[in-house]
Structures are given as structure tokens and as C-alpha cells.
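To keep things clear, I will list the structure first and then write my remarks on it.
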Amino acid sequence: MQEIAVIGSPEFVLGFRLVGVRATREATEPRQLAEAATAMLGRSDIGILVMDQEDYGRLPEDLRTQLRGSIRPTLVAIGLTEDSALREQIKQAVGVDLWKDN
Amino acid sequence: MADIVPTRSALIDTKRKIKLSQTGHKLLKMKRDGLMYELFELLPKVKDIRKNLVTHYNSAQGKMAVAQAIEGRINIKSIAHTQQLVPTVKVGEKNIMGVVVPSVTGEAVRKTLTERGYGIIGTSPQIDDVVDSFEMLVEEIIKAAELETTLKRLLEEIDKTKRRVNALEFKVIPDLEAARDYILLRLEEMERESIFGLKKIKEKARRRAKEEAAARAAALPEAEAAVPAR
């Protein structure tokens, strides 16, 4: 069994701590975020890594690629709006915007 | 074309490569179609989960703001420390047409009031609301972790397979076919040259034989004349 890890601002992390998530790292600066994400990537006891979409976007490209390809932990980036990156990825791979509502 | 050696063995080798490339092309196209099918199956689910994730996150953040206004940040932090039951997940791996994707199941995410660890009397209902919302959010995150990552992996693989199919269809196979045609042309040319050369040698030999026969025929009466009659 693995834990859920959360990286982000103190406000972002607090809600997850309320439901019992223990593996949290408070980070706001890009350097701190990158350090925290790198540390979480190396941990085998972490199953899911949760980050804010904006914070994830501020990580270096190589680290984002590493996180995208990782299964343990699997990254989930959440935000107040829907992420357009997935939509763009679909457009690029399939050639059609399948995300739009019919 | 400069580095192609026009030999029979090179022709056989090129034909073999064409056949292999065509088989690979066909298989990759089938793989791409299979992945597309999986994608179409998965996409509506991911769209729903993404929408739910945004809704739950917005709701949880809103409720957290209210709870912080009523209870105060310090108080919420101290309540967070009382939580004993840690939500866990089991992340496995599964294979979809050669693509390794995660399979995630969660445990101890939704808790009863008594399992939450903090006292019911000392806290406001807003705290319960926040915890409820975040529990729902974590549930959605667990679902998203599996489905969204699977979708992303499938998209990456579709993109990769599409590039390979296109490279084989528009570059590798046409280049190999051009090489095969070039070798065939050169071999035919060499065959014609060799037939022409053989014909020339044959002609030369025939002419020489004719000349020698003529010389022998000319030399015979002279020899007969030189021999005295008895």
C-alpha cells in the first residue's frame, strides 16, 4: 500500500492534511517545488502525487517529463479550471479536437 | 543511390527489407487503430472525471475558505494533526496493447465522523463540510490517477505509432522501393553490357577464324605449286 503525497502552497496542502494525508510538502518557489517533486519521485511508498496545475507548470521541463512518465507515483495536477494541455495533446495525437462537447 | 551496391545479393536483401517494412507497417497500423479504439472508450470517462475534479476542487476550496473564516487557520491546522487514518492507495500496473498504465485502488478515503479523529463537540459543522469535500476530492483524484494517466499514455503511444506508420509509409518503404528499382535497372544494364561484350568477343573470334581459314586457303595452292610434279 502506498500513500498519497501533496506538494504546493500551505493553503493547497492544508485541505489534504485534514483528510489524513501525511506526505505533504509546502513549497511556493519554483526551486522548492522542483526539489520537493524530485524527492517524491524517488520514494517508492508514494502512489499518487497531487500538485496544483500552476505549480506543475512552473517545474522544469525535464522534471515534468519525468513526472508524466512515472507510474509510482502517478501525478495528478488539479486546478480551478480545466487543463488545456490534455486537450492539446489529444489534438496533436489524433489530429481532431475530440475534447470539445458535442 | 551512391552507396547502393547493384548486386543480386543486395537486391534480395532490399526485397526482404521491403517485405519486412510492409509487414511492420501493417502491424503498426493495426496497433494504432486498436489504441484509437481504447482512446474512444476512455475519453468520455476522463472528460467526466476532469469536470468532477474541477467541481470538487472548487467546492472544497470554497468550503475551506468558509471554515478558515469561522474556525481560524491555526485551529484547522491543529485539527489536521488529529487525523490518524491515512488514506492509502494501491498502485499496480496493467498493459494495454503494450502500453504500461497504472491501475489504482484507494483505501480509507471516506471516513465516518468517529474515524476522523477530531472531537465532534469542539468543532463546527464547517469542518465536517471541508473534510467531506476533500474526501470526495481525494476519491476523484484516485479515479483520475488511473484514467487520466492511462489516457495520456495512450495518446503518447498513438503519437509515437502514428509517426512510425508515417515514416514507414512515406520514407522507409518508398526509399527501399527506389533502391530496389535502381538495383534492378543497374543489373539489367550490366546484363545487357555483358551480352553485348560476349557478342563482340564472339564476332571477333568468328572474324579471326574466317581470316585464318582464308589465309590457310591462300597458302595451300602456293604449297602445292612449290612441290615438284613426279
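Quick note on naming: the chains in the C-alpha cells go A, B, ... in the order shown, residues restart at 1 in each chain, and ligands are numbered from 1 in order of appearance.
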
ask   = Could you pull the residues within 10 Å of segment 14-27 of chain A, counting only C-alpha atoms, minus those fewer than 4 positions along the same chain, as a PyMOL selection string?
value = (chain A and resi 3-10+31-37+39-40+45-46+49-50+55) or (chain B and resi 60-61+63-64+73+76-88+108-111+116-118+127-128+130-138)

task = Point out the residue among A:Ala85, A:Ile71, A:Val96, A:Ala77 with the least atom-to-atom distance to chain B, counting only C-alpha atoms.
result =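 Ranking A:Ala85, A:Ile71, A:Val96, A:Ala77 by distance to chain B, first place goes to A:Ile71.
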
message = Among chain B, which residues does DSSP mark as helix (DSSP H, G or I) when it is run on the backbone? Keep the chain and numbering as in the structure and answer as JSON, numbers by chain.
response = {"B": [8, 9, 10, 11, 12, 13, 14, 15, 16, 17, 18, 19, 20, 21, 22, 23, 24, 25, 26, 27, 28, 29, 30, 31, 32, 33, 34, 35, 36, 37, 38, 39, 40, 41, 42, 43, 44, 45, 46, 47, 48, 49, 50, 51, 52, 53, 54, 55, 56, 57, 58, 59, 60, 61, 62, 63, 64, 65, 66, 67, 68, 69, 70, 71, 73, 74, 75, 76, 77, 78, 79, 80, 81, 82, 125, 126, 127, 128, 129, 130, 131, 132, 133, 134, 135, 136, 137, 138, 139, 140, 141, 142, 143, 144, 145, 146, 147, 148, 149, 150, 151, 152, 153, 154, 155, 156, 157, 158, 159, 160, 161, 162, 163, 164, 165, 166, 167, 168, 169, 170, 171, 172, 173, 174, 175, 176, 177, 178, 179, 180, 181, 182, 183, 184, 185, 186, 187, 188, 189, 190, 191, 192, 193, 194, 195, 196, 197, 198, 199, 200, 201, 202, 203, 204, 205, 206, 207, 208, 209, 210, 211, 212, 213, 214, 215, 216, 217, 218, 219, 220, 221, 222, 223, 224, 225, 226]}

ask   = If you run DSSP on the backbone, which residues of segment 28-170 of chain B are strand (DSSP E or B), as a list in words?
value =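 DSSP-assigned strand (DSSP E or B) residues in segment 28-170 of chain B: Thr88, Val89, Lys90, Val91, Gly92, Glu93, Lys94, Asn95, Ile96, Val99, Val100, Val101, Pro102, Ser103, Val104, Thr105, Gly106 and Glu107 of chain B.
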
File of the preceding selection, N, CA, C and O atoms, as a PDB file, in the first residue's frame:
ATOM      1  N   THR B  88      -4.813   5.481   1.846  1.00  0.00           N
ATOM      2  CA  THR B  88      -3.748   4.813   1.089  1.00  0.00           C
ATOM      3  C   THR B  88      -4.266   4.372  -0.279  1.00  0.00           C
ATOM      4  O   THR B  88      -5.476   4.262  -0.488  1.00  0.00           O
ATOM      5  N   VAL B  89      -3.344   4.114  -1.138  1.00  0.00           N
ATOM      6  CA  VAL B  89      -3.703   3.639  -2.483  1.00  0.00           C
ATOM      7  C   VAL B  89      -2.835   2.440  -2.847  1.00  0.00           C
ATOM      8  O   VAL B  89      -1.726   2.294  -2.332  1.00  0.00           O
ATOM      9  N   LYS B  90      -3.366   1.640  -3.731  1.00  0.00           N
ATOM     10  CA  LYS B  90      -2.574   0.521  -4.242  1.00  0.00           C
ATOM     11  C   LYS B  90      -2.380   0.785  -5.728  1.00  0.00           C
ATOM     12  O   LYS B  90      -3.356   0.763  -6.493  1.00  0.00           O
ATOM     13  N   VAL B  91      -1.155   1.078  -6.095  1.00  0.00           N
ATOM     14  CA  VAL B  91      -0.874   1.381  -7.498  1.00  0.00           C
ATOM     15  C   VAL B  91      -0.205   0.169  -8.144  1.00  0.00           C
ATOM     16  O   VAL B  91       0.920  -0.186  -7.809  1.00  0.00           O
ATOM     17  N   GLY B  92      -0.940  -0.428  -9.050  1.00  0.00           N
ATOM     18  CA  GLY B  92      -0.384  -1.563  -9.789  1.00  0.00           C
ATOM     19  C   GLY B  92      -0.122  -1.143 -11.231  1.00  0.00           C
ATOM     20  O   GLY B  92      -0.217   0.041 -11.568  1.00  0.00           O
ATOM     21  N   GLU B  93       0.195  -2.116 -12.055  1.00  0.00           N
ATOM     22  CA  GLU B  93       0.427  -1.824 -13.474  1.00  0.00           C
ATOM     23  C   GLU B  93      -0.417  -2.763 -14.308  1.00  0.00           C
ATOM     24  O   GLU B  93      -0.602  -3.917 -13.943  1.00  0.00           O
ATOM     25  N   LYS B  94      -0.938  -2.251 -15.416  1.00  0.00           N
ATOM     26  CA  LYS B  94      -1.590  -3.157 -16.372  1.00  0.00           C
ATOM     27  C   LYS B  94      -1.127  -2.775 -17.776  1.00  0.00           C
ATOM     28  O   LYS B  94      -0.579  -1.691 -17.983  1.00  0.00           O
ATOM     29  N   ASN B  95      -1.380  -3.676 -18.682  1.00  0.00           N
ATOM     30  CA  ASN B  95      -0.840  -3.499 -20.025  1.00  0.00           C
ATOM     31  C   ASN B  95      -1.970  -3.375 -21.043  1.00  0.00           C
ATOM     32  O   ASN B  95      -2.809  -4.261 -21.148  1.00  0.00           O
ATOM     33  N   ILE B  96      -1.996  -2.252 -21.762  1.00  0.00           N
ATOM     34  CA  ILE B  96      -2.987  -2.109 -22.833  1.00  0.00           C
ATOM     35  C   ILE B  96      -2.222  -2.023 -24.157  1.00  0.00           C
ATOM     36  O   ILE B  96      -1.575  -1.020 -24.436  1.00  0.00           O
ATOM     37  N   VAL B  99       1.216  -0.884 -23.811  1.00  0.00           N
ATOM     38  CA  VAL B  99       1.401   0.364 -23.060  1.00  0.00           C
ATOM     39  C   VAL B  99       1.168   0.062 -21.575  1.00  0.00           C
ATOM     40  O   VAL B  99       0.093  -0.416 -21.209  1.00  0.00           O
ATOM     41  N   VAL B 100       2.192   0.338 -20.770  1.00  0.00           N
ATOM     42  CA  VAL B 100       2.071   0.083 -19.338  1.00  0.00           C
ATOM     43  C   VAL B 100       1.349   1.268 -18.692  1.00  0.00           C
ATOM     44  O   VAL B 100       1.795   2.408 -18.797  1.00  0.00           O
ATOM     45  N   VAL B 101       0.208   0.986 -18.069  1.00  0.00           N
ATOM     46  CA  VAL B 101      -0.592   2.043 -17.434  1.00  0.00           C
ATOM     47  C   VAL B 101      -0.880   1.671 -15.979  1.00  0.00           C
ATOM     48  O   VAL B 101      -0.874   0.494 -15.638  1.00  0.00           O
ATOM     49  N   PRO B 102      -1.113   2.693 -15.141  1.00  0.00           N
ATOM     50  CA  PRO B 102      -1.359   2.367 -13.732  1.00  0.00           C
ATOM     51  C   PRO B 102      -2.775   1.858 -13.471  1.00  0.00           C
ATOM     52  O   PRO B 102      -3.708   2.211 -14.192  1.00  0.00           O
ATOM     53  N   SER B 103      -2.887   1.024 -12.457  1.00  0.00           N
ATOM     54  CA  SER B 103      -4.219   0.612 -12.000  1.00  0.00           C
ATOM     55  C   SER B 103      -4.271   0.968 -10.511  1.00  0.00           C
ATOM     56  O   SER B 103      -3.455   0.487  -9.732  1.00  0.00           O
ATOM     57  N   VAL B 104      -5.170   1.874 -10.148  1.00  0.00           N
ATOM     58  CA  VAL B 104      -5.145   2.450  -8.799  1.00  0.00           C
ATOM     59  C   VAL B 104      -6.428   2.116  -8.029  1.00  0.00           C
ATOM     60  O   VAL B 104      -7.534   2.280  -8.560  1.00  0.00           O
ATOM     61  N   THR B 105      -6.252   1.663  -6.809  1.00  0.00           N
ATOM     62  CA  THR B 105      -7.408   1.476  -5.919  1.00  0.00           C
ATOM     63  C   THR B 105      -7.106   2.177  -4.594  1.00  0.00           C
ATOM     64  O   THR B 105      -5.974   2.136  -4.116  1.00  0.00           O
ATOM     65  N   GLY B 106      -8.125   2.813  -4.044  1.00  0.00           N
ATOM     66  CA  GLY B 106      -7.927   3.573  -2.811  1.00  0.00           C
ATOM     67  C   GLY B 106      -8.493   2.866  -1.603  1.00  0.00           C
ATOM     68  O   GLY B 106      -9.348   1.988  -1.710  1.00  0.00           O
ATOM     69  N   GLU B 107      -7.994   3.260  -0.430  1.00  0.00           N
ATOM     70  CA  GLU B 107      -8.460   2.669   0.825  1.00  0.00           C
ATOM     71  C   GLU B 107      -8.470   3.734   1.912  1.00  0.00           C
ATOM     72  O   GLU B 107      -7.605   4.621   1.925  1.00  0.00           O
TER      73      GLU B 107
END

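Closest approach to Leu35 of chain B among B:Lys15, B:Arg8, B:Arg206, B:Lys162 is made by B:Lys162 (distances from only C-alpha atoms).
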
query = What separation in Å, quoted to one decimal, exists between atom CA of Leu185 of chain B and atom CA of Gln22 of chain B?
reply =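 Atom-to-atom, atom CA of Leu185 of chain B and atom CA of Gln22 of chain B are spaced 22.3 Å apart.
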
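From atom CA of Arg186 of chain B back to atom CA of Leu198 of chain B, the distance works out to 18.1 Å.
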
message = Set the distance at 7 Å and use only C-alpha atoms: which residues neighbour segment 156-160 of chain B once local chain neighbours fewer than 4 positions away are removed? I'd like the list as a list in words.
response =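 Here the qualifying residues turn out to be Ala93 of chain A; Arg32, Leu35, Lys152 and Arg164 of chain B.
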
How about saving the chosen residues, N, CA, C and O atoms kept, as a PDB file, in the first residue's frame?
ATOM      1  N   ALA A  93      -2.150  14.255 -31.107  1.00  0.00           N
ATOM      2  CA  ALA A  93      -2.046  12.814 -31.363  1.00  0.00           C
ATOM      3  C   ALA A  93      -3.076  12.328 -32.377  1.00  0.00           C
ATOM      4  O   ALA A  93      -2.761  11.529 -33.249  1.00  0.00           O
TER       5      ALA A  93
ATOM      6  N   ARG B  32      -2.186   1.090 -34.042  1.00  0.00           N
ATOM      7  CA  ARG B  32      -2.701   2.457 -33.942  1.00  0.00           C
ATOM      8  C   ARG B  32      -4.231   2.444 -33.871  1.00  0.00           C
ATOM      9  O   ARG B  32      -4.830   3.136 -33.047  1.00  0.00           O
ATOM     10  N   LEU B  35      -5.321   1.213 -30.464  1.00  0.00           N
ATOM     11  CA  LEU B  35      -5.123   2.250 -29.444  1.00  0.00           C
ATOM     12  C   LEU B  35      -6.194   3.338 -29.558  1.00  0.00           C
ATOM     13  O   LEU B  35      -6.684   3.842 -28.547  1.00  0.00           O
ATOM     14  N   LYS B 152      -3.278   9.683 -21.086  1.00  0.00           N
ATOM     15  CA  LYS B 152      -2.046  10.363 -21.515  1.00  0.00           C
ATOM     16  C   LYS B 152      -1.066   9.380 -22.143  1.00  0.00           C
ATOM     17  O   LYS B 152      -0.442   9.672 -23.162  1.00  0.00           O
ATOM     18  N   ARG B 164       5.655   6.471 -36.566  1.00  0.00           N
ATOM     19  CA  ARG B 164       6.313   5.289 -37.138  1.00  0.00           C
ATOM     20  C   ARG B 164       5.605   4.850 -38.418  1.00  0.00           C
ATOM     21  O   ARG B 164       6.259   4.532 -39.405  1.00  0.00           O
TER      22      ARG B 164
END

key: Best match for closeness to chain A among B:Pro6, B:Pro44, B:Gly24, B:Gly197, counting only C-alpha atoms   =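 Comparing B:Pro6, B:Pro44, B:Gly24, B:Gly197 against chain A, the winner is B:Pro44.
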
inquiry  = Restricting the calculation to only C-alpha atoms: of B:Leu53, B:Ile142, B:Leu43, B:Leu20, which residue gets closest to Leu154 of chain B?
reply    = B:Leu43

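Proximity ranking of A:Thr28, A:Gln2, A:Met51, A:Val13 relative to chain B places A:Gln2 first, based on only C-alpha atoms.
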
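Among the candidates B:Ala145, B:Leu11, B:Leu39, B:Ile121, the one nearest to chain A when counting only C-alpha atoms is B:Ala145.
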
request  = Write out as a ChimeraX atom specification which residues come within 9 Å of Ile78 of chain A when counting only C-alpha atoms, dropping same-chain ones fewer than 5 positions away.
outcome  = /A:50-54,83 /B:50,53-54,57,141
